[in-house]
>>> print(open('query.pdb').read())   # PDB, C-alpha atoms and all ligand atoms
ATOM      1  CA  MET A   1       0.000   0.000   0.000
ATOM      2  CA  ASN A   2       1.248   3.487  -0.832
ATOM      3  CA  TYR A   3       2.732   4.906   2.381
ATOM      4  CA  LYS A   4       0.679   8.118   2.134
ATOM      5  CA  ILE A   5      -2.607   6.150   2.069
ATOM      6  CA  ARG A   6      -1.316   3.943   4.901
ATOM      7  CA  LEU A   7      -0.372   6.990   6.972
ATOM      8  CA  THR A   8      -3.821   8.548   6.455
ATOM      9  CA  VAL A   9      -5.512   5.299   7.535
ATOM     10  CA  PHE A  10      -3.291   4.973  10.644
ATOM     11  CA  LYS A  11      -3.855   8.628  11.588
ATOM     12  CA  ALA A  12      -7.624   8.041  11.326
ATOM     13  CA  LEU A  13      -7.287   4.921  13.523
ATOM     14  CA  GLU A  14      -5.567   6.968  16.230
ATOM     15  CA  LEU A  15      -8.846   8.897  16.660
ATOM     16  CA  PHE A  16     -10.700   5.753  17.867
ATOM     17  CA  PRO A  17     -10.625   4.440  21.471
ATOM     18  CA  ARG A  18      -7.631   2.076  21.955
ATOM     19  CA  LYS A  19      -9.568  -1.260  21.888
ATOM     20  CA  VAL A  20     -11.520  -0.300  18.750
ATOM     21  CA  ALA A  21      -8.379   1.030  17.056
ATOM     22  CA  ASP A  22      -6.436  -2.186  17.837
ATOM     23  CA  PHE A  23      -9.317  -4.297  16.477
ATOM     24  CA  LEU A  24      -9.537  -2.259  13.257
ATOM     25  CA  TYR A  25      -5.734  -2.286  12.894
ATOM     26  CA  LEU A  26      -5.690  -6.084  13.073
ATOM     27  CA  LYS A  27      -8.524  -6.275  10.502
ATOM     28  CA  ILE A  28      -6.540  -4.060   8.122
ATOM     29  CA  GLN A  29      -3.376  -6.115   8.652
ATOM     30  CA  SER A  30      -5.318  -9.336   7.907
ATOM     31  CA  LEU A  31      -6.782  -7.763   4.775
ATOM     32  CA  PHE A  32      -3.328  -7.029   3.400
ATOM     33  CA  GLY A  33      -1.972 -10.434   4.377
ATOM     34  CA  ASN A  34       0.297  -9.359   7.254
ATOM     35  CA  ALA A  35      -1.670 -10.948  10.070
ATOM     36  CA  ASN A  36      -2.771 -14.493   9.398
ATOM     37  CA  VAL A  37      -1.907 -17.692  11.163
ATOM     38  CA  ALA A  38       0.137 -19.328   8.381
ATOM     39  CA  ARG A  39       2.191 -16.196   7.816
ATOM     40  CA  ASN A  40       2.895 -15.876  11.541
ATOM     41  CA  PHE A  41       4.186 -19.441  11.684
ATOM     42  CA  VAL A  42       6.458 -18.919   8.665
ATOM     43  CA  SER A  43       7.864 -15.760  10.246
ATOM     44  CA  GLY A  44       8.028 -17.453  13.670
ATOM     45  CA  GLN A  45       9.951 -20.413  12.249
ATOM     46  CA  ASN A  46      12.389 -18.033  10.521
ATOM     47  CA  GLY A  47      13.100 -16.524  13.946
ATOM     48  CA  ILE A  48      13.589 -19.941  15.564
ATOM     49  CA  ASP A  49      15.930 -21.029  12.746
ATOM     50  CA  LYS A  50      17.959 -17.836  13.060
ATOM     51  CA  CYS A  51      18.112 -18.288  16.844
ATOM     52  CA  LYS A  52      19.109 -21.977  16.669
ATOM     53  CA  GLU A  53      21.835 -21.255  14.117
ATOM     54  CA  THR A  54      23.214 -18.453  16.321
ATOM     55  CA  ILE A  55      23.042 -20.133  19.718
ATOM     56  CA  SER A  56      24.202 -23.575  18.514
ATOM     57  CA  ALA A  57      27.434 -21.917  17.380
ATOM     58  CA  LEU A  58      27.797 -20.627  20.962
ATOM     59  CA  GLY A  59      27.055 -24.030  22.503
ATOM     60  CA  TRP A  60      23.835 -22.846  24.164
ATOM     61  CA  ASP A  61      22.034 -26.172  23.946
ATOM     62  CA  ARG A  62      19.822 -26.116  27.050
ATOM     63  CA  MET A  63      17.039 -23.629  27.889
ATOM     64  CA  ASP A  64      14.692 -24.031  30.865
ATOM     65  CA  ALA A  65      12.870 -20.725  30.519
ATOM     66  CA  ILE A  66      12.495 -18.303  27.618
ATOM     67  CA  ILE A  67      11.257 -14.759  28.123
ATOM     68  CA  GLU A  68       9.781 -13.434  24.882
ATOM     69  CA  ILE A  69       9.578  -9.650  24.503
ATOM     70  CA  GLY A  70       6.685  -8.613  22.211
ATOM     71  CA  SER A  71       4.202 -11.509  21.841
ATOM     72  CA  GLY A  72       2.330 -10.010  18.865
ATOM     73  CA  TRP A  73      -1.032 -11.346  17.649
ATOM     74  CA  TYR A  74      -0.542 -15.137  17.506
ATOM     75  CA  PRO A  75       1.272 -17.479  19.934
ATOM     76  CA  ALA A  76       3.240 -18.914  16.999
ATOM     77  CA  THR A  77       6.728 -18.194  18.385
ATOM     78  CA  PRO A  78       5.979 -19.575  21.898
ATOM     79  CA  LEU A  79       4.500 -22.777  20.397
ATOM     80  CA  LEU A  80       7.536 -23.205  18.150
ATOM     81  CA  LEU A  81       9.928 -22.506  21.046
ATOM     82  CA  VAL A  82       8.210 -25.153  23.194
ATOM     83  CA  LYS A  83       8.559 -27.614  20.303
ATOM     84  CA  GLU A  84      12.215 -26.703  19.730
ATOM     85  CA  PHE A  85      13.460 -26.658  23.325
ATOM     86  CA  ALA A  86      12.343 -29.791  25.159
ATOM     87  CA  ASN A  87      10.899 -29.183  28.664
ATOM     88  CA  CYS A  88      11.124 -25.416  28.218
ATOM     89  CA  GLN A  89       8.598 -22.916  29.643
ATOM     90  CA  VAL A  90       7.903 -19.778  27.610
ATOM     91  CA  TYR A  91       6.968 -16.502  29.342
ATOM     92  CA  THR A  92       5.712 -14.079  26.701
ATOM     93  CA  TYR A  93       5.244 -10.363  27.470
ATOM     94  CA  ASP A  94       3.593  -7.550  25.546
ATOM     95  CA  ILE A  95       2.798  -3.913  26.282
ATOM     96  CA  ASN A  96      -0.514  -4.549  24.458
ATOM     97  CA  SER A  97      -3.050  -7.381  24.675
ATOM     98  CA  PHE A  98      -3.329  -8.853  21.175
ATOM     99  CA  TYR A  99      -3.882 -12.625  21.598
ATOM    100  CA  SER A 100      -7.558 -13.590  21.166
ATOM    101  CA  ALA A 101      -9.434 -16.850  21.755
ATOM    102  CA  LYS A 102      -9.546 -17.218  17.959
ATOM    103  CA  SER A 103      -5.824 -16.561  17.358
ATOM    104  CA  ILE A 104      -4.897 -19.041  20.140
ATOM    105  CA  GLN A 105      -7.212 -21.711  18.735
ATOM    106  CA  GLN A 106      -6.003 -21.193  15.159
ATOM    107  CA  SER A 107      -2.364 -21.415  16.312
ATOM    108  CA  ASN A 108      -2.991 -24.596  18.311
ATOM    109  CA  ALA A 109      -4.775 -26.145  15.314
ATOM    110  CA  HIS A 110      -1.823 -25.199  13.096
ATOM    111  CA  MET A 111       0.405 -27.236  15.433
ATOM    112  CA  GLY A 112      -2.088 -30.133  15.627
ATOM    113  CA  ILE A 113      -2.969 -29.300  19.250
ATOM    114  CA  GLU A 114      -6.617 -29.827  20.226
ATOM    115  CA  SER A 115      -6.684 -27.548  23.300
ATOM    116  CA  LYS A 116      -8.695 -24.322  22.942
ATOM    117  CA  GLY A 117      -6.553 -22.298  25.368
ATOM    118  CA  LEU A 118      -2.838 -21.725  25.697
ATOM    119  CA  ILE A 119      -0.904 -24.911  26.462
ATOM    120  CA  PRO A 120       0.483 -25.107  30.039
ATOM    121  CA  GLU A 121       4.079 -24.385  28.927
ATOM    122  CA  ILE A 122       3.077 -20.923  27.615
ATOM    123  CA  HIS A 123       2.559 -18.077  30.101
ATOM    124  CA  TYR A 124       1.110 -14.893  28.569
ATOM    125  CA  TYR A 125       1.621 -11.480  30.216
ATOM    126  CA  PRO A 126      -0.279  -8.868  28.153
ATOM    127  CA  ASN A 127      -0.467  -5.166  29.088
ATOM    128  CA  THR A 128       2.817  -5.523  30.935
ATOM    129  CA  ASP A 129       5.506  -2.894  31.378
ATOM    130  CA  LEU A 130       8.771  -4.849  31.180
ATOM    131  CA  THR A 131      10.720  -1.939  32.656
ATOM    132  CA  LYS A 132       8.971  -2.526  36.004
ATOM    133  CA  CYS A 133       7.366  -5.974  36.135
ATOM    134  CA  SER A 134       8.451  -8.875  38.327
ATOM    135  CA  PHE A 135       9.327 -12.337  36.983
ATOM    136  CA  PRO A 136       8.820 -15.896  38.226
ATOM    137  CA  ASP A 137      11.629 -17.427  40.294
ATOM    138  CA  PHE A 138      14.205 -18.739  37.802
ATOM    139  CA  THR A 139      16.802 -19.898  40.373
ATOM    140  CA  ASN A 140      19.143 -22.553  38.889
ATOM    141  CA  GLN A 141      17.443 -22.288  35.483
ATOM    142  CA  GLU A 142      18.998 -21.503  32.106
ATOM    143  CA  VAL A 143      17.106 -18.379  31.000
ATOM    144  CA  MET A 144      17.125 -16.808  27.553
ATOM    145  CA  VAL A 145      15.442 -13.548  26.559
ATOM    146  CA  TYR A 146      14.110 -13.721  22.971
ATOM    147  CA  SER A 147      12.727 -11.107  20.624
ATOM    148  CA  LYS A 148      11.960 -10.943  16.922
ATOM    149  CA  PHE A 149      11.151  -7.689  15.136
ATOM    150  CA  VAL A 150      10.236  -5.877  18.349
ATOM    151  CA  LEU A 151      13.149  -3.710  19.543
ATOM    152  CA  GLU A 152      12.915  -1.385  16.530
ATOM    153  CA  HIS A 153       9.421  -0.453  17.778
ATOM    154  CA  ILE A 154      10.568   0.547  21.277
ATOM    155  CA  PRO A 155      12.226   3.877  22.242
ATOM    156  CA  ASN A 156      15.910   3.519  23.244
ATOM    157  CA  ASP A 157      15.392   4.537  26.875
ATOM    158  CA  VAL A 158      12.683   1.865  27.205
ATOM    159  CA  ILE A 159      14.924  -0.818  25.594
ATOM    160  CA  LYS A 160      17.548   0.115  28.170
ATOM    161  CA  GLY A 161      14.993   0.087  31.023
ATOM    162  CA  ILE A 162      13.647  -3.342  30.013
ATOM    163  CA  HIS A 163      17.129  -4.883  30.065
ATOM    164  CA  GLU A 164      18.070  -3.162  33.330
ATOM    165  CA  ASN A 165      14.928  -4.621  34.930
ATOM    166  CA  ILE A 166      15.690  -8.118  33.583
ATOM    167  CA  ILE A 167      19.288  -7.878  34.852
ATOM    168  CA  ASP A 168      18.114  -6.615  38.224
ATOM    169  CA  LYS A 169      15.395  -9.253  38.747
ATOM    170  CA  ILE A 170      16.887 -12.306  37.017
ATOM    171  CA  GLY A 171      20.661 -11.898  37.183
ATOM    172  CA  THR A 172      22.652 -14.261  34.956
ATOM    173  CA  HIS A 173      20.932 -14.933  31.611
ATOM    174  CA  LYS A 174      21.382 -15.117  27.848
ATOM    175  CA  VAL A 175      19.739 -13.035  25.127
ATOM    176  CA  PHE A 176      18.819 -13.462  21.461
ATOM    177  CA  HIS A 177      17.457 -10.448  19.559
ATOM    178  CA  TRP A 178      16.590 -10.206  15.873
ATOM    179  CA  ILE A 179      16.044  -6.574  14.864
ATOM    180  CA  SER A 180      14.764  -5.062  11.613
ATOM    181  CA  PRO A 181      16.254  -1.535  11.551
ATOM    182  CA  SER A 182      15.135  -0.680   7.983
ATOM    183  CA  ASP A 183      12.300   1.654   6.996
ATOM    184  CA  HIS A 184       9.313  -0.714   7.219
ATOM    185  CA  ARG A 185       7.284   1.455   4.846
ATOM    186  CA  PHE A 186       9.580   0.082   2.122
ATOM    187  CA  PHE A 187       8.095  -3.421   2.592
ATOM    188  CA  THR A 188       4.647  -2.237   1.492
ATOM    189  CA  ASP A 189       5.621   0.622  -0.813
ATOM    190  CA  ALA A 190       8.322  -0.107  -3.370
ATOM    191  CA  SER A 191       8.550   3.596  -4.284
ATOM    192  CA  LEU A 192      10.567   4.109  -1.065
ATOM    193  CA  SER A 193      14.093   2.947  -0.253
ATOM    194  CA  ILE A 194      15.030   0.890   2.826
ATOM    195  CA  TYR A 195      16.711   3.986   4.284
ATOM    196  CA  ASP A 196      14.130   6.609   3.230
ATOM    197  CA  PHE A 197      13.203   7.511   6.834
ATOM    198  CA  LEU A 198      16.777   8.604   7.640
ATOM    199  CA  LYS A 199      16.162  11.856   5.748
ATOM    200  CA  PHE A 200      13.649  13.105   8.351
ATOM    201  CA  SER A 201      14.448  15.159  11.428
ATOM    202  CA  GLU A 202      12.887  13.800  14.633
ATOM    203  CA  THR A 203      10.016  16.336  14.368
ATOM    204  CA  GLU A 204       9.340  15.511  10.704
ATOM    205  CA  TRP A 205       9.441  11.773  11.421
ATOM    206  CA  LEU A 206       6.833  12.178  14.181
ATOM    207  CA  LYS A 207       4.506  13.661  11.567
ATOM    208  CA  ASN A 208       5.216  10.783   9.179
ATOM    209  CA  HIS A 209       4.271   7.871  11.381
ATOM    210  CA  THR A 210       1.840   6.905  14.124
ATOM    211  CA  LYS A 211       1.778   4.625  17.174
ATOM    212  CA  PHE A 212       0.737   1.815  14.793
ATOM    213  CA  ASP A 213       3.965   1.984  12.809
ATOM    214  CA  TYR A 214       6.307   3.523  15.396
ATOM    215  CA  HIS A 215       9.965   2.913  14.501
ATOM    216  CA  ASN A 216      12.840   4.227  16.629
ATOM    217  CA  ARG A 217      15.262   4.489  13.623
ATOM    218  CA  THR A 218      17.993   3.307  16.024
ATOM    219  CA  ARG A 219      21.200   2.455  14.128
ATOM    220  CA  LEU A 220      23.543  -0.483  14.719
ATOM    221  CA  PRO A 221      26.145   1.295  16.932
ATOM    222  CA  GLU A 222      23.357   2.660  19.148
ATOM    223  CA  TYR A 223      21.980  -0.835  19.839
ATOM    224  CA  VAL A 224      25.494  -2.067  20.630
ATOM    225  CA  GLU A 225      26.038   0.903  22.959
ATOM    226  CA  ILE A 226      22.748   0.316  24.830
ATOM    227  CA  PHE A 227      23.608  -3.330  25.558
ATOM    228  CA  LYS A 228      27.210  -2.634  26.519
ATOM    229  CA  SER A 229      26.139   0.240  28.797
ATOM    230  CA  VAL A 230      23.954  -2.036  30.943
ATOM    231  CA  GLY A 231      26.627  -4.725  31.281
ATOM    232  CA  TYR A 232      26.071  -7.300  28.530
ATOM    233  CA  THR A 233      28.861  -9.094  26.697
ATOM    234  CA  ILE A 234      28.222  -9.223  22.955
ATOM    235  CA  GLU A 235      28.770 -12.842  21.903
ATOM    236  CA  THR A 236      27.429 -12.558  18.341
ATOM    237  CA  LEU A 237      26.716  -9.573  16.119
ATOM    238  CA  LYS A 238      25.574 -10.224  12.553
ATOM    239  CA  TYR A 239      23.809  -8.008  10.037
ATOM    240  CA  ASN A 240      23.064  -7.716   6.324
ATOM    241  CA  GLN A 241      24.390  -5.117   3.929
ATOM    242  CA  PRO A 242      22.623  -4.012   0.728
ATOM    243  CA  ASN A 243      24.280  -4.183  -2.683
ATOM    244  CA  GLU A 244      26.678  -1.538  -4.043
ATOM    245  CA  LYS A 245      23.897   0.157  -6.064
ATOM    246  CA  VAL A 246      21.935   0.876  -2.845
ATOM    247  CA  PHE A 247      25.110   2.123  -1.127
ATOM    248  CA  GLU A 248      25.753   4.504  -4.028
ATOM    249  CA  GLN A 249      22.155   5.792  -3.981
ATOM    250  CA  PHE A 250      22.455   6.268  -0.213
ATOM    251  CA  ARG A 251      25.693   8.279  -0.554
ATOM    252  CA  GLN A 252      23.893  10.652  -2.962
ATOM    253  CA  SER A 253      20.836  11.086  -0.732
ATOM    254  CA  LYS A 254      19.910  13.504   2.052
ATOM    255  CA  VAL A 255      20.487  12.222   5.589
ATOM    256  CA  ASP A 256      19.320  13.985   8.761
ATOM    257  CA  GLU A 257      21.899  15.351  11.240
ATOM    258  CA  ARG A 258      21.055  12.556  13.696
ATOM    259  CA  PHE A 259      22.541   9.955  11.323
ATOM    260  CA  LYS A 260      25.379  11.916   9.679
ATOM    261  CA  HIS A 261      28.085  10.714  12.059
ATOM    262  CA  PHE A 262      27.438   7.045  11.262
ATOM    263  CA  THR A 263      29.212   5.352   8.351
ATOM    264  CA  ALA A 264      27.121   4.162   5.391
ATOM    265  CA  GLU A 265      27.690   0.580   6.602
ATOM    266  CA  GLU A 266      26.331   1.469  10.059
ATOM    267  CA  ASN A 267      23.350   3.364   8.638
ATOM    268  CA  LEU A 268      22.462   0.587   6.180
ATOM    269  CA  ALA A 269      23.057  -2.410   8.476
ATOM    270  CA  GLY A 270      19.876  -4.513   8.207
ATOM    271  CA  SER A 271      18.496  -7.645   9.887
ATOM    272  CA  ILE A 272      20.616  -7.331  13.036
ATOM    273  CA  VAL A 273      21.186 -10.505  15.042
ATOM    274  CA  LEU A 274      22.554 -10.140  18.568
ATOM    275  CA  ALA A 275      23.429 -12.829  21.086
ATOM    276  CA  LEU A 276      24.342 -11.480  24.515
ATOM    277  CA  THR A 277      25.276 -12.814  27.911
ATOM    278  CA  TYR A 278      24.911 -11.212  31.310
ATOM    279  CA  THR A 279      26.735 -12.802  34.225
ATOM    280  CA  LYS A 280      25.861 -11.680  37.747
ATOM    281  CA  LYS A 281      28.992 -10.764  39.727
TER     282      LYS A 281
HETATM  283  C1  LIG A 301       5.892  -6.029  15.054
HETATM  284  S1  LIG A 301       5.203  -6.846  16.437
HETATM  285  C2  LIG A 301       6.180  -8.332  16.478
HETATM  286  C3  LIG A 301       5.448  -9.430  17.171
HETATM  287  C4  LIG A 301       6.170 -10.782  17.166
HETATM  288  N1  LIG A 301       7.413 -10.733  17.909
HETATM  289  C5  LIG A 301       6.396 -11.246  15.759
HETATM  290  O1  LIG A 301       7.543 -11.341  15.332
HETATM  291  O2  LIG A 301       5.387 -11.533  15.090
HETATM  292  C6  LIG A 301       5.832  -5.914  17.791
HETATM  293  C7  LIG A 301       5.197  -6.311  19.118
HETATM  294  O3  LIG A 301       5.944  -5.681  20.166
HETATM  295  C8  LIG A 301       5.041  -5.200  21.117
HETATM  296  N2  LIG A 301       5.675  -4.122  21.896
HETATM  297  C9  LIG A 301       5.903  -2.841  21.514
HETATM  298  N3  LIG A 301       6.482  -2.151  22.518
HETATM  299  C10 LIG A 301       6.655  -3.028  23.544
HETATM  300  C11 LIG A 301       7.187  -2.921  24.862
HETATM  301  N4  LIG A 301       7.668  -1.760  25.328
HETATM  302  N5  LIG A 301       7.183  -4.012  25.653
HETATM  303  C12 LIG A 301       6.676  -5.194  25.188
HETATM  304  N6  LIG A 301       6.148  -5.356  23.956
HETATM  305  C13 LIG A 301       6.136  -4.299  23.147
HETATM  306  C14 LIG A 301       3.835  -4.742  20.291
HETATM  307  O4  LIG A 301       2.675  -4.626  21.080
HETATM  308  C15 LIG A 301       3.761  -5.871  19.269
HETATM  309  O5  LIG A 301       2.979  -6.930  19.732
END
>>> encode(input="query.pdb", output="structure tokens", more="lines below")
Ligand SMILES: C[S@@+](CC[C@H](N)C(=O)[O-])C[C@H]1O[C@@H](n2cnc3c(N)ncnc32)[C@H](O)[C@@H]1O
Amino acid sequence: MNYKIRLTVFKALELFPRKVADFLYLKIQSLFGNANVARNFVSGQNGIDKCKETISALGWDRMDAIIEIGSGWYPATPLLLVKEFANCQVYTYDINSFYSAKSIQQSNAHMGIESKGLIPEIHYYPNTDLTKCSFPDFTNQEVMVYSKFVLEHIPNDVIKGIHENIIDKIGTHKVFHWISPSDHRFFTDASLSIYDFLKFSETEWLKNHTKFDYHNRTRLPEYVEIFKSVGYTIETLKYNQPNEKVFEQFRQSKVDERFKHFTAEENLAGSIVLALTYTKK
């Protein structure tokens, strides 16, 4: 969908009460193929595959508890994590409440599970502020924090606050994050480039997106800095780079002050994979 039409629709949605707006947003997403059960499982499996590939190389073969940040609309990732990590419990947190009886049932059916509700290994915490919440007792358990395509939608100070809270309450743990730092409007509007949003000042960018498509525009070195500043060790850092033609177009284009001090490689780093460890002293 053309980003201008999309923006107009999202701005109109912001005028509705939150519950109605969320319902209409999900309807629109389903209409354009972004929110359906099969698609969520394909995307969920991509995340699991990326995670397995990354953590196997680090020898992380046992997980007792996984904390998912950003549950989304379907419990696809938790179901796949339970299947992948034997005897693992998944605790999935979201600032919103998006799971529905229907999305849970459809996801279970997709996995061949007859139960209508969430299976006992999945613990859902909607409407939860991860910068403040408490966690179950994970003493003597291998804990991994997991997120896919979530951190780019959270302001930097909140990302920092979430990890500080996890460090404070849980202590030693591991982390896997998969981040999509590109301009997401590009995925539905081919007239834009993957870095189009870097041309806007902060004020202009606020006018060009809504809470439904909030993107922090955080660049690779800023993510690295956030995690180092709270005490993580970076075990793996991987990212994609576009082809030379995109680099050349980027060098010719306007970039806002906020991004000028980053190299083209840092500004264009896409699909960031981070594996981190925190060890309590
Ligand atoms: C783009 S969706 C990704 C959902 C899921 N991880 C996936 O890959 O399908 C981003 C999710 O992050 C959630 N989210 C945004 N800010 C958050 C925060 N501060 N804490 C927890 N979840 C948050 C949103 O409500 C939404 O469900």
>>> residues_near_ligand(input="query.pdb", ligand="ligand LIG 301 (chain A)", cutoff="9 Å", atoms="all atoms listed in the file", output="number ranges by chain")
A: 35, 40-41, 43-44, 47, 68-77, 93-98, 126-131, 146-155, 158-159, 162, 213-214
>>> atom_distance(input="query.pdb", atom1="atom CA of Pro120 of chain A", atom2="atom CA of Tyr91 of chain A")
10.8 Å
>>> closest_residue(input="query.pdb", among="A:Lys19, A:His184, A:Lys174, A:His215", to="Ile66 of chain A", atoms="all atoms listed in the file")
A:Lys174
>>> resolve_selection(input="query.pdb", expression="the PyMOL selection byres (((chain A and resi 208) around 12) and not hetatm)", output="PyMOL selection string")
chain A and resi 3-8+10-11+183+185+196-207+209-215
>>> closest_residue(input="query.pdb", among="A:Asp189, A:Val175, A:His261, A:Ala269", to="Ile55 of chain A", atoms="only C-alpha atoms")
A:Val175
>>> atom_distance(input="query.pdb", atom1="atom CA of Val37 of chain A", atom2="atom CA of Asn2 of chain A")
24.5 Å
>>> closest_residue(input="query.pdb", among="A:Ile48, A:Ile272, A:Ala190, A:Ala21", to="Val224 of chain A", atoms="all atoms listed in the file")
A:Ile272
>>> closest_residue(input="query.pdb", among="A:Asn140, A:Thr188, A:Ser193, A:Asn267", to="Leu220 of chain A", atoms="all atoms listed in the file")
A:Asn267
>>> resolve_selection(input="query.pdb", expression="the PyMOL selection byres (((chain A and resi 135) around 8) and not hetatm)", output="list in words")
Cys133, Ser134, Pro136, Asp137, Lys169 and Ile170 of chain A
>>> closest_residue(input="query.pdb", among="A:Gln141, A:Asn87, A:Gln105, A:Asn216", to="Asn156 of chain A", atoms="all atoms listed in the file")
A:Asn216
>>> decode(input="query.pdb", residues="segment 136-186 of chain A", atoms="C-alpha atoms", output="tab-separated table (two decimals), in the first residue's frame")
chain	number	residue	atom	x	y	z
A	136	PRO	CA	8.82	-15.90	38.23
A	137	ASP	CA	11.63	-17.43	40.29
A	138	PHE	CA	14.20	-18.74	37.80
A	139	THR	CA	16.80	-19.90	40.37
A	140	ASN	CA	19.14	-22.55	38.89
A	141	GLN	CA	17.44	-22.29	35.48
A	142	GLU	CA	19.00	-21.50	32.11
A	143	VAL	CA	17.11	-18.38	31.00
A	144	MET	CA	17.12	-16.81	27.55
A	145	VAL	CA	15.44	-13.55	26.56
A	146	TYR	CA	14.11	-13.72	22.97
A	147	SER	CA	12.73	-11.11	20.62
A	148	LYS	CA	11.96	-10.94	16.92
A	149	PHE	CA	11.15	-7.69	15.14
A	150	VAL	CA	10.24	-5.88	18.35
A	151	LEU	CA	13.15	-3.71	19.54
A	152	GLU	CA	12.92	-1.38	16.53
A	153	HIS	CA	9.42	-0.45	17.78
A	154	ILE	CA	10.57	0.55	21.28
A	155	PRO	CA	12.23	3.88	22.24
A	156	ASN	CA	15.91	3.52	23.24
A	157	ASP	CA	15.39	4.54	26.88
A	158	VAL	CA	12.68	1.86	27.21
A	159	ILE	CA	14.92	-0.82	25.59
A	160	LYS	CA	17.55	0.11	28.17
A	161	GLY	CA	14.99	0.09	31.02
A	162	ILE	CA	13.65	-3.34	30.01
A	163	HIS	CA	17.13	-4.88	30.06
A	164	GLU	CA	18.07	-3.16	33.33
A	165	ASN	CA	14.93	-4.62	34.93
A	166	ILE	CA	15.69	-8.12	33.58
A	167	ILE	CA	19.29	-7.88	34.85
A	168	ASP	CA	18.11	-6.62	38.22
A	169	LYS	CA	15.39	-9.25	38.75
A	170	ILE	CA	16.89	-12.31	37.02
A	171	GLY	CA	20.66	-11.90	37.18
A	172	THR	CA	22.65	-14.26	34.96
A	173	HIS	CA	20.93	-14.93	31.61
A	174	LYS	CA	21.38	-15.12	27.85
A	175	VAL	CA	19.74	-13.03	25.13
A	176	PHE	CA	18.82	-13.46	21.46
A	177	HIS	CA	17.46	-10.45	19.56
A	178	TRP	CA	16.59	-10.21	15.87
A	179	ILE	CA	16.04	-6.57	14.86
A	180	SER	CA	14.76	-5.06	11.61
A	181	PRO	CA	16.25	-1.53	11.55
A	182	SER	CA	15.13	-0.68	7.98
A	183	ASP	CA	12.30	1.65	7.00
A	184	HIS	CA	9.31	-0.71	7.22
A	185	ARG	CA	7.28	1.46	4.85
A	186	PHE	CA	9.58	0.08	2.12
